[in-house]
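Engineer: Pasting structure_10.txt below, which is compact mmCIF, C-alpha atoms and all ligand atoms.
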# COMPACT_ATOMS: atom_id res chain seq x y z
CA MET F 1 2.00 56.55 11.07
CA GLY F 2 3.71 58.35 13.91
CA THR F 3 6.99 59.72 15.04
CA TYR F 4 9.09 57.44 17.16
CA LEU F 5 12.13 58.17 19.22
CA LEU F 6 13.96 54.91 19.61
CA LYS F 7 16.76 54.68 22.16
CA THR F 8 18.18 51.29 21.30
CA VAL F 9 17.10 49.14 18.45
CA SER F 10 18.30 45.67 17.74
CA LEU F 11 18.27 45.04 14.04
CA SER F 12 18.88 41.47 13.15
CA LEU F 13 19.06 40.63 9.49
CA LEU F 14 19.12 36.90 8.87
CA GLY F 15 21.11 36.17 11.97
CA ILE F 16 23.37 39.21 11.78
CA SER F 17 22.61 41.50 14.70
CA ILE F 18 23.54 45.13 14.90
CA LEU F 19 22.87 47.17 18.00
CA LEU F 20 22.33 50.82 17.38
CA SER F 21 22.80 52.72 20.59
CA GLN F 22 22.43 56.30 19.43
CA PRO F 23 19.06 57.98 19.77
CA PHE F 24 17.60 58.95 16.44
CA LEU F 25 14.32 60.03 14.97
CA VAL F 26 12.30 57.65 12.87
CA LEU F 27 9.35 58.54 10.66
CA GLY F 28 6.72 55.91 9.89
CA ALA F 29 7.45 52.20 9.92
CA VAL F 30 10.84 50.69 10.64
CA ILE F 31 12.02 47.36 9.32
CA THR F 32 13.29 45.58 12.44
CA ASP F 33 14.01 42.10 11.12
CA VAL F 34 14.10 39.97 8.00
CA ARG F 35 13.66 36.20 8.05
CA LEU F 36 13.86 33.59 5.34
CA TRP F 37 12.22 30.15 5.37
CA SER F 38 13.25 27.60 2.76
CA ALA F 39 10.66 25.03 1.65
CA PRO F 40 11.11 22.41 -1.09
CA ASP F 41 8.85 24.36 -3.48
CA HIS F 42 9.08 27.95 -2.25
CA ALA F 43 11.06 30.53 -0.33
CA ARG F 44 9.32 32.79 2.16
CA VAL F 45 10.76 36.15 3.16
CA VAL F 46 9.22 37.91 6.16
CA LEU F 47 9.83 41.54 7.07
CA ASP F 48 9.04 42.63 10.64
CA LEU F 49 7.67 46.16 10.77
CA THR F 50 6.80 48.54 13.60
CA GLU F 51 3.70 49.77 11.72
CA PRO F 52 1.56 48.74 8.75
CA VAL F 53 3.02 49.85 5.41
CA GLN F 54 2.04 50.73 1.86
CA TYR F 55 3.90 48.77 -0.76
CA GLU F 56 4.16 48.13 -4.47
CA SER F 57 5.75 45.09 -5.98
CA PHE F 58 6.70 43.63 -9.33
CA SER F 59 8.58 40.68 -10.83
CA GLN F 60 11.08 40.72 -13.65
CA ASP F 61 12.46 37.76 -15.59
CA LYS F 62 15.83 39.08 -16.80
CA PRO F 63 17.56 38.83 -14.46
CA PRO F 64 14.94 37.01 -12.34
CA GLU F 65 14.17 39.36 -9.45
CA PHE F 66 11.30 40.39 -7.25
CA HIS F 67 11.06 44.04 -6.19
CA VAL F 68 9.06 45.53 -3.33
CA VAL F 69 8.99 49.27 -2.67
CA LEU F 70 7.74 50.25 0.78
CA THR F 71 6.65 53.83 1.41
CA GLY F 72 6.66 55.52 4.81
CA THR F 73 9.36 53.10 5.87
CA SER F 74 12.86 53.60 7.19
CA LEU F 75 16.05 51.58 7.15
CA TYR F 76 19.00 52.06 9.42
CA THR F 77 21.59 51.72 6.72
CA LYS F 78 21.74 53.17 3.23
CA LYS F 79 22.14 49.78 1.65
CA ARG F 80 22.27 46.21 2.70
CA ALA F 81 23.13 43.14 0.68
CA LEU F 82 23.01 39.61 2.00
CA GLU F 83 23.96 36.36 0.35
CA ILE F 84 21.38 33.66 1.03
CA ASN F 85 21.71 29.90 1.06
CA ASP F 86 18.38 28.82 -0.45
CA PRO F 87 17.32 26.73 -3.47
CA PHE F 88 15.51 29.69 -5.05
CA VAL F 89 16.88 32.96 -3.68
CA THR F 90 20.58 33.90 -3.88
CA LYS F 91 20.66 37.40 -2.48
CA LEU F 92 18.57 39.98 -0.72
CA THR F 93 19.22 43.70 -1.00
CA LEU F 94 17.62 46.49 0.98
CA SER F 95 18.21 50.09 0.03
CA GLU F 96 16.78 53.53 0.77
CA LEU F 97 15.59 55.11 -2.48
CA GLU F 98 14.77 58.42 -0.84
CA LYS F 99 13.65 59.49 2.62
CA GLY F 100 10.82 57.17 3.71
CA LYS F 101 11.09 54.88 0.69
CA VAL F 102 12.78 51.49 1.00
CA LYS F 103 13.35 49.00 -1.78
CA LEU F 104 13.76 45.27 -1.26
CA ILE F 105 15.11 43.14 -4.09
CA LEU F 106 15.09 39.36 -3.99
CA HIS F 107 17.58 37.95 -6.47
CA GLN F 108 16.30 34.61 -7.74
CA LYS F 109 17.93 31.61 -9.39
CA LYS F 110 15.03 31.43 -11.87
CA PRO F 111 11.65 33.07 -12.51
CA LEU F 112 9.20 32.31 -9.69
CA THR F 113 5.58 33.12 -8.90
CA ALA F 114 5.34 35.77 -6.20
CA ASN F 115 2.62 36.20 -3.63
CA VAL F 116 2.80 39.18 -1.27
CA PHE F 117 0.58 39.77 1.74
CA THR F 118 0.62 41.43 5.14
CA LEU F 119 -0.04 39.99 8.60
CA LYS F 120 -1.29 41.91 11.61
CA PRO F 121 0.41 41.73 15.02
CA TYR F 122 -0.42 38.53 16.84
CA GLN F 123 0.95 37.46 20.20
CA GLU F 124 4.69 38.34 20.09
CA LYS F 125 4.69 39.00 16.35
CA SER F 126 4.61 42.53 14.96
CA PHE F 127 3.20 43.78 11.63
CA ARG F 128 4.70 41.63 8.90
CA LEU F 129 5.09 41.74 5.16
CA VAL F 130 5.32 38.25 3.71
CA ILE F 131 6.69 37.41 0.27
CA ASP F 132 6.30 33.87 -1.01
CA LEU F 133 8.32 33.00 -4.09
CA VAL F 134 6.85 29.79 -5.42
CA ASP F 135 8.37 27.40 -7.94
CA ALA F 136 5.13 26.24 -9.56
CA ALA F 137 6.89 23.50 -11.55
CA GLN F 138 8.45 22.06 -8.39
CA GLU F 139 5.11 22.31 -6.56
CA LYS F 140 3.47 20.33 -9.36
CA LYS F 141 6.31 17.79 -9.39
CA GLU F 142 5.90 17.12 -5.68
CA GLN F 143 2.15 16.72 -6.06
CA GLU F 144 2.67 14.27 -8.94
CA GLU F 145 5.20 12.36 -6.84
CA ARG F 146 2.58 11.96 -4.08
CA GLN F 147 0.01 10.74 -6.60
CA ARG F 148 2.55 8.33 -8.06
CA GLN F 149 3.00 6.78 -4.58
CA LYS F 150 -0.76 6.28 -4.43
CA GLU F 151 -1.01 4.76 -7.90
CA THR F 152 1.96 2.41 -7.60
CA LYS F 153 1.15 1.21 -4.09
CA SER F 154 1.20 -2.58 -4.03
CA LYS F 155 -1.49 -4.67 -2.39
CA GLY F 156 -0.99 -5.06 1.35
CA THR F 157 1.21 -1.94 1.60
CA LYS F 158 0.04 0.78 3.96
CA ILE F 159 0.89 4.45 3.56
CA VAL F 160 1.37 6.49 6.73
CA ILE F 161 1.70 10.26 6.86
CA ILE F 162 3.44 11.82 9.84
CA ASP F 163 2.71 15.52 10.21
CA PRO F 164 5.11 17.58 12.35
CA GLY F 165 2.95 20.51 13.51
CA HIS F 166 3.72 24.24 13.07
CA GLY F 167 6.99 25.36 11.37
CA GLY F 168 8.48 28.55 9.94
CA GLU F 169 6.80 31.67 11.33
CA ASP F 170 4.77 29.51 13.72
CA PRO F 171 7.03 28.09 16.46
CA GLY F 172 4.17 26.37 18.33
CA ALA F 173 4.44 26.23 22.12
CA ILE F 174 7.72 27.40 23.67
CA GLY F 175 9.38 25.89 26.75
CA PRO F 176 11.02 27.70 29.69
CA LYS F 177 14.42 27.02 28.07
CA LYS F 178 13.07 28.40 24.76
CA THR F 179 12.71 24.96 23.17
CA MET F 180 10.28 25.29 20.27
CA GLU F 181 7.50 22.80 19.58
CA LYS F 182 8.16 23.02 15.80
CA ASP F 183 11.73 21.72 16.24
CA ILE F 184 10.87 18.85 18.62
CA VAL F 185 7.97 17.53 16.53
CA LEU F 186 10.15 17.51 13.39
CA LYS F 187 12.86 15.53 15.18
CA VAL F 188 10.38 13.01 16.57
CA GLY F 189 8.61 12.83 13.18
CA GLU F 190 11.86 11.97 11.40
CA LYS F 191 12.48 9.22 13.96
CA VAL F 192 8.96 7.77 13.53
CA ILE F 193 9.61 7.59 9.76
CA HIS F 194 12.94 5.87 10.43
CA PHE F 195 11.31 3.18 12.60
CA LEU F 196 8.35 2.71 10.24
CA LYS F 197 10.67 2.20 7.28
CA GLN F 198 12.00 -0.96 8.94
CA ASP F 199 8.66 -2.52 8.04
CA LYS F 200 8.64 -3.39 4.33
CA GLU F 201 4.88 -3.25 4.15
CA ILE F 202 4.66 0.32 5.38
CA GLN F 203 5.58 3.41 3.42
CA ALA F 204 5.89 6.51 5.54
CA PHE F 205 6.22 10.17 4.59
CA LEU F 206 6.48 13.50 6.37
CA THR F 207 4.28 16.46 5.45
CA ARG F 208 7.04 18.88 6.46
CA LYS F 209 10.74 18.09 6.04
CA GLY F 210 12.23 21.31 7.34
CA ASP F 211 11.56 24.56 9.15
CA TYR F 212 8.81 26.08 7.01
CA PHE F 213 5.06 26.45 7.36
CA ILE F 214 2.40 24.40 5.63
CA PRO F 215 -1.20 25.68 6.00
CA LEU F 216 -3.36 23.32 8.06
CA GLU F 217 -5.75 22.43 5.21
CA GLU F 218 -2.80 21.49 2.99
CA ARG F 219 -1.64 18.74 5.37
CA PRO F 220 -4.65 16.36 5.07
CA LYS F 221 -4.78 17.29 1.37
CA MET F 222 -1.23 15.98 0.98
CA ALA F 223 -2.23 12.80 2.84
CA ARG F 224 -5.12 12.28 0.41
CA GLU F 225 -2.80 12.75 -2.58
CA PHE F 226 -0.58 10.04 -1.10
CA GLY F 227 -3.64 7.81 -0.69
CA ALA F 228 -2.73 7.53 3.00
CA ASP F 229 -4.14 4.82 5.27
CA LEU F 230 -3.29 6.77 8.43
CA PHE F 231 -2.46 10.38 9.35
CA VAL F 232 -0.72 11.30 12.60
CA SER F 233 -0.12 14.94 13.52
CA LEU F 234 2.63 15.47 16.12
CA HIS F 235 2.53 18.25 18.70
CA THR F 236 3.74 19.12 22.18
CA ASP F 237 1.30 20.73 24.56
CA GLY F 238 1.65 24.15 26.18
CA SER F 239 0.07 25.72 29.25
CA PHE F 240 0.29 28.80 31.45
CA ASN F 241 0.41 26.33 34.32
CA PRO F 242 4.04 25.17 34.52
CA GLN F 243 2.93 22.10 36.50
CA ALA F 244 0.83 20.66 33.65
CA ARG F 245 2.42 17.45 32.33
CA GLY F 246 1.75 14.35 30.30
CA SER F 247 0.69 13.27 26.83
CA SER F 248 -2.77 13.18 25.30
CA ILE F 249 -4.43 12.11 22.06
CA TYR F 250 -7.11 13.90 20.07
CA CYS F 251 -9.49 12.83 17.33
CA LEU F 252 -11.81 14.92 15.21
CA SER F 253 -15.28 15.76 16.44
CA LEU F 254 -18.07 16.74 14.08
CA SER F 255 -20.39 17.76 16.88
CA GLY F 256 -18.48 19.80 19.43
CA ALA F 257 -15.57 19.12 21.73
CA THR F 258 -15.29 16.62 24.60
CA ASP F 259 -15.10 19.60 26.96
CA GLN F 260 -13.98 23.23 27.16
CA ALA F 261 -10.29 22.32 27.55
CA ALA F 262 -10.36 20.22 24.35
CA LYS F 263 -12.10 23.07 22.51
CA ILE F 264 -9.50 25.60 23.69
CA LEU F 265 -6.71 23.28 22.56
CA ALA F 266 -8.25 22.83 19.09
CA ASP F 267 -8.77 26.61 18.78
CA LYS F 268 -5.13 27.13 19.71
CA GLU F 269 -3.86 24.55 17.22
CA ASN F 270 -6.15 25.98 14.52
CA MET F 271 -4.58 29.43 15.15
CA SER F 272 -1.46 28.01 13.51
CA ASN F 273 -2.69 29.35 10.16
CA ILE F 274 -2.70 32.90 11.51
CA LEU F 275 0.70 32.60 13.17
CA GLY F 276 2.32 30.68 10.33
CA GLY F 277 0.85 32.97 7.70
CA ALA F 278 -1.44 30.84 5.55
CA VAL F 279 -2.50 32.38 2.28
CA LEU F 280 -6.24 32.09 2.18
CA ARG F 281 -7.29 30.07 -0.80
CA PRO F 282 -11.10 30.17 -0.77
CA ALA F 283 -11.29 27.10 -3.01
CA ALA F 284 -9.70 24.98 -0.28
CA PHE F 285 -12.65 25.66 2.01
CA ALA F 286 -15.44 25.22 -0.53
CA LYS F 287 -17.21 21.89 -0.72
CA ASP F 288 -16.65 19.92 -3.87
CA PRO F 289 -20.08 19.69 -5.59
CA ASN F 290 -19.01 16.45 -7.29
CA LEU F 291 -18.60 14.64 -4.00
CA ASN F 292 -21.62 12.79 -2.75
CA GLN F 293 -22.33 14.10 0.75
CA ILE F 294 -23.88 10.82 1.97
CA LEU F 295 -20.89 8.86 0.77
CA LEU F 296 -18.60 11.42 2.36
CA ASP F 297 -20.41 11.14 5.70
CA LEU F 298 -20.13 7.35 5.57
CA MET F 299 -16.42 7.55 4.87
CA GLN F 300 -15.95 10.04 7.67
CA ASN F 301 -17.89 7.86 10.07
CA ASN F 302 -15.82 4.84 9.17
CA SER F 303 -12.45 6.60 9.33
CA MET F 304 -13.40 8.20 12.66
CA LYS F 305 -14.20 4.79 14.16
CA GLU F 306 -10.81 3.56 13.02
CA SER F 307 -9.18 6.70 14.47
CA PHE F 308 -10.79 5.98 17.87
CA ARG F 309 -9.59 2.38 17.79
CA PHE F 310 -6.02 3.47 17.00
CA ALA F 311 -6.15 6.30 19.56
CA GLU F 312 -7.11 3.89 22.38
CA MET F 313 -4.28 1.54 21.48
CA LEU F 314 -1.63 4.26 21.12
CA LEU F 315 -2.73 5.81 24.42
CA GLY F 316 -2.22 2.45 26.12
CA ASP F 317 1.25 2.12 24.59
CA LEU F 318 2.25 5.70 25.51
CA LYS F 319 1.11 5.09 29.07
CA ALA F 320 3.85 2.49 29.40
CA ILE F 321 6.58 5.08 28.71
CA HIS F 322 5.29 8.41 30.06
CA ILE F 323 2.60 10.22 32.02
CA ILE F 324 -0.82 10.22 30.36
CA LYS F 325 -2.98 13.28 30.97
CA TYR F 326 -6.41 11.72 30.35
CA PRO F 327 -7.48 8.05 30.53
CA SER F 328 -9.09 8.20 27.07
CA TYR F 329 -8.69 10.06 23.77
CA ARG F 330 -10.52 13.35 23.45
CA GLN F 331 -12.32 15.02 20.57
CA ALA F 332 -12.49 18.52 19.12
CA ASN F 333 -12.73 20.33 15.81
CA PHE F 334 -9.12 20.25 14.53
CA ILE F 335 -8.69 21.52 10.95
CA VAL F 336 -5.69 19.26 10.42
CA LEU F 337 -7.75 16.10 11.14
CA LYS F 338 -10.39 16.80 8.50
CA ALA F 339 -9.62 14.23 5.81
CA PRO F 340 -12.98 12.44 5.40
CA ASP F 341 -11.51 9.12 4.31
CA ILE F 342 -8.28 8.82 6.32
CA PRO F 343 -8.15 7.78 9.99
CA SER F 344 -6.43 10.78 11.59
CA LEU F 345 -5.27 11.70 15.04
CA LEU F 346 -3.25 14.31 16.84
CA VAL F 347 -0.75 13.44 19.55
CA GLU F 348 0.27 16.01 22.16
CA MET F 349 3.57 14.53 23.29
CA SER F 350 3.66 15.95 26.83
CA TYR F 351 4.06 19.60 27.88
CA ILE F 352 6.95 21.62 26.51
CA THR F 353 6.03 24.32 29.07
CA ASN F 354 6.85 21.97 31.96
CA LYS F 355 10.52 22.02 32.98
CA GLU F 356 10.87 18.26 33.30
CA ASP F 357 8.85 17.45 30.14
CA GLU F 358 10.91 20.04 28.21
CA ARG F 359 14.12 18.34 29.35
CA LEU F 360 12.74 14.96 28.24
CA LEU F 361 11.55 16.30 24.87
CA ASN F 362 15.04 17.67 24.22
CA SER F 363 16.73 14.37 24.94
CA ASN F 364 17.49 12.08 22.04
CA GLU F 365 16.67 9.09 24.23
CA PHE F 366 13.10 10.23 24.96
CA GLN F 367 12.54 11.32 21.35
CA GLU F 368 13.53 7.82 20.23
CA LYS F 369 11.41 6.14 22.86
CA ILE F 370 8.28 8.06 21.92
CA ALA F 371 8.95 7.64 18.15
CA LYS F 372 9.50 3.89 18.59
CA THR F 373 6.25 3.59 20.56
CA ILE F 374 4.25 5.47 17.91
CA ALA F 375 5.79 3.37 15.11
CA ALA F 376 5.11 0.11 16.98
CA SER F 377 1.48 1.14 17.60
CA ILE F 378 1.02 1.96 13.93
CA ARG F 379 2.32 -1.50 12.95
CA LYS F 380 -0.04 -3.14 15.46
CA HIS F 381 -2.93 -1.07 14.09
CA PHE F 382 -2.45 -2.53 10.63
CA ARG F 383 -1.71 -6.06 11.80
CA PRO F 384 -3.52 -6.64 15.05
ZN ZN M 401 0.87 22.26 18.38
For the file at hand, write its structure as structure tokens.
Structural biologist:
Amino acid sequence: MGTYLLKTVSLSLLGISILLSQPFLVLGAVITDVRLWSAPDHARVVLDLTEPVQYESFSQDKPPEFHVVLTGTSLYTKKRALEINDPFVTKLTLSELEKGKVKLILHQKKPLTANVFTLKPYQEKSFRLVIDLVDAAQEKKEQEERQRQKETKSKGTKIVIIDPGHGGEDPGAIGPKKTMEKDIVLKVGEKVIHFLKQDKEIQAFLTRKGDYFIPLEERPKMAREFGADLFVSLHTDGSFNPQARGSSIYCLSLSGATDQAAKILADKENMSNILGGAVLRPAAFAKDPNLNQILLDLMQNNSMKESFRFAEMLLGDLKAIHIIKYPSYRQANFIVLKAPDIPSLLVEMSYITNKEDERLLNSNEFQEKIAKTIAASIRKHFRP
């Protein structure tokens, strides 16, 4: 904790910006921003802080509220109340209890399970306090709905999962015009689903339907619950070199990356969990003792071969519409591609950090073209 003399501070609370121009003295941490991300089964509130904080929190059922008291923290205003448009949270209030003590109350529509954790500064992000308010019943309902799709799938029908990368706190790569990877991949993903749905023998689903974060391990897990026949993760590449252009395709590697560049890319994509704020659930990483390792290896081998076959074909189809960065697919250790029994691949749809590629990615025409190509390749993959 230290003493800070701030000359101008921009405080933006859920889109409302206030510029304080008078110099004033601040003790300890300052809350500089509050963000809310709405997911189908939870709401996430993120507080940006200038320093790490001590906090205490508790839930109450009547009325349903979640309280967090932060010590050694300052607010600019005595009290702040904001109405929120979210399925679970109706209002957020911030108030100063006494000097250096700030209380946050999240007013809920119903009792929810709360999970609070802090995140350290990373890249442009400062210290953050994250509050997830989870509707466990809704979470279960969605999981059951995925399993129902798997159980009621008719013979000959294929299930395809399209995974728009990043989301919420994790914007992904950012273009020179501030276009965010998370927004482009969602738009293209929705279009791929639209084109796939024209085929009656294909059922297609998105892992992420809005601007919120899903931990990387959760994405292949969702695909397995759906009983998916194919998993495609959508991304746009990013580079410090503004000249870098073109699309590329990646498959999982169990034995090291194709080369250093592929390894760096996988490391960067795997960082998504840190940026997006994944809650570490140790169970998700542990091996299931009931699964036969030999059988698992066989499945993985088989699904990887199928991934390679699809990757080659999709690369050929993408080549017809845009620049291709490498003549063949590449391999690295991507967390999101680790479903042992589902052919999975990751598409980097050109470079958002290149001016011309960014312009293309923003255009509806190019988004449709690339989505149509991916959908057509998927159909060909199932019915060569
Ligand atoms: Zn990405």
Engineer: Step by step, measure atom-to-atom distances between ligand ZN 401 (chain M) and each residue using all atoms listed in the file, keep those at most 6 Å, then write them as a list in words.
Structural biologist: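 Sorted by chain and then by number, the residues are Gly165, Gly172, His235, Thr236 and Glu269 of chain F.
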Engineer: What's the separation between CA of Tyr329 in chain F and CA of Thr258 in chain F, in Å to one decimal place?
Structural biologist: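 Distance reported for this atom pair: 9.3 Å.
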Engineer: For Glu98 in chain F, list every protein, DNA or RNA residue within 12 Å, evaluated using all atoms listed in the file, and leave out those in the same chain fewer than 2 positions away; present the list as a PDB file with C-alpha atoms, in the coordinates of the input.
Structural biologist:
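Saved result, selection37.pdb, follows:
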ATOM      1  CA  VAL F  69       8.990  49.270  -2.670  1.00  0.00           C
ATOM      2  CA  LEU F  70       7.740  50.250   0.780  1.00  0.00           C
ATOM      3  CA  THR F  71       6.650  53.830   1.410  1.00  0.00           C
ATOM      4  CA  GLY F  72       6.660  55.520   4.810  1.00  0.00           C
ATOM      5  CA  THR F  73       9.360  53.100   5.870  1.00  0.00           C
ATOM      6  CA  SER F  74      12.860  53.600   7.190  1.00  0.00           C
ATOM      7  CA  LEU F  75      16.050  51.580   7.150  1.00  0.00           C
ATOM      8  CA  LYS F  78      21.740  53.170   3.230  1.00  0.00           C
ATOM      9  CA  LYS F  79      22.140  49.780   1.650  1.00  0.00           C
ATOM     10  CA  SER F  95      18.210  50.090   0.030  1.00  0.00           C
ATOM     11  CA  GLU F  96      16.780  53.530   0.770  1.00  0.00           C
ATOM     12  CA  GLY F 100      10.820  57.170   3.710  1.00  0.00           C
ATOM     13  CA  LYS F 101      11.090  54.880   0.690  1.00  0.00           C
ATOM     14  CA  VAL F 102      12.780  51.490   1.000  1.00  0.00           C
ATOM     15  CA  LYS F 103      13.350  49.000  -1.780  1.00  0.00           C
TER      16      LYS F 103
END
Engineer: Report, in Å with one decimal, the straight-line distance from CA of Ile324 in chain F to CA of Ser233 in chain F.
Structural biologist: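 Distance between the two atoms: 17.5 Å.
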Engineer: I'd like the neighbourhood of Glu306 in chain F as a list in words, where a residue qualifies if any of its atoms comes within 10 Å (using all atoms listed in the file), though same-chain residues fewer than 6 positions away should be ignored.
Structural biologist: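 Those residues are Leu230, Gln300, Ile342, Pro343, Ser344 and His381 of chain F.
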Engineer: Can you list, as a ChimeraX atom specification, every protein, DNA or RNA residue that comes within 9 Å of range 43-56 of chain F when you count all atoms listed in the file, leaving out same-chain residues fewer than 4 positions away?
Structural biologist: /F:1-2,28-39,67-73,86-89,106,118-120,125-135,168-169,212
Engineer: Can you work out which one of F:Arg383, F:His166, F:Lys263, F:Lys319 has the shortest atom-to-atom distance to Asp199 in chain F, counting all atoms listed in the file?
Structural biologist: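 Selected residue with least distance to Asp199 in chain F: F:Arg383.
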Engineer: Which is closer to Glu225 in chain F than all the others in F:Ser272, F:Thr179, F:Thr207, F:Gln108, using only C-alpha atoms?
Structural biologist: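 The closest residue to Glu225 in chain F is F:Thr207.
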Engineer: Go through F:Ala339, F:Ala262, F:Met180, F:Leu346 one by one, measure the shortest atom-to-atom distance of each to Asn302 in chain F using only C-alpha atoms, and give the residue with the smallest value.
Structural biologist: F:Ala339
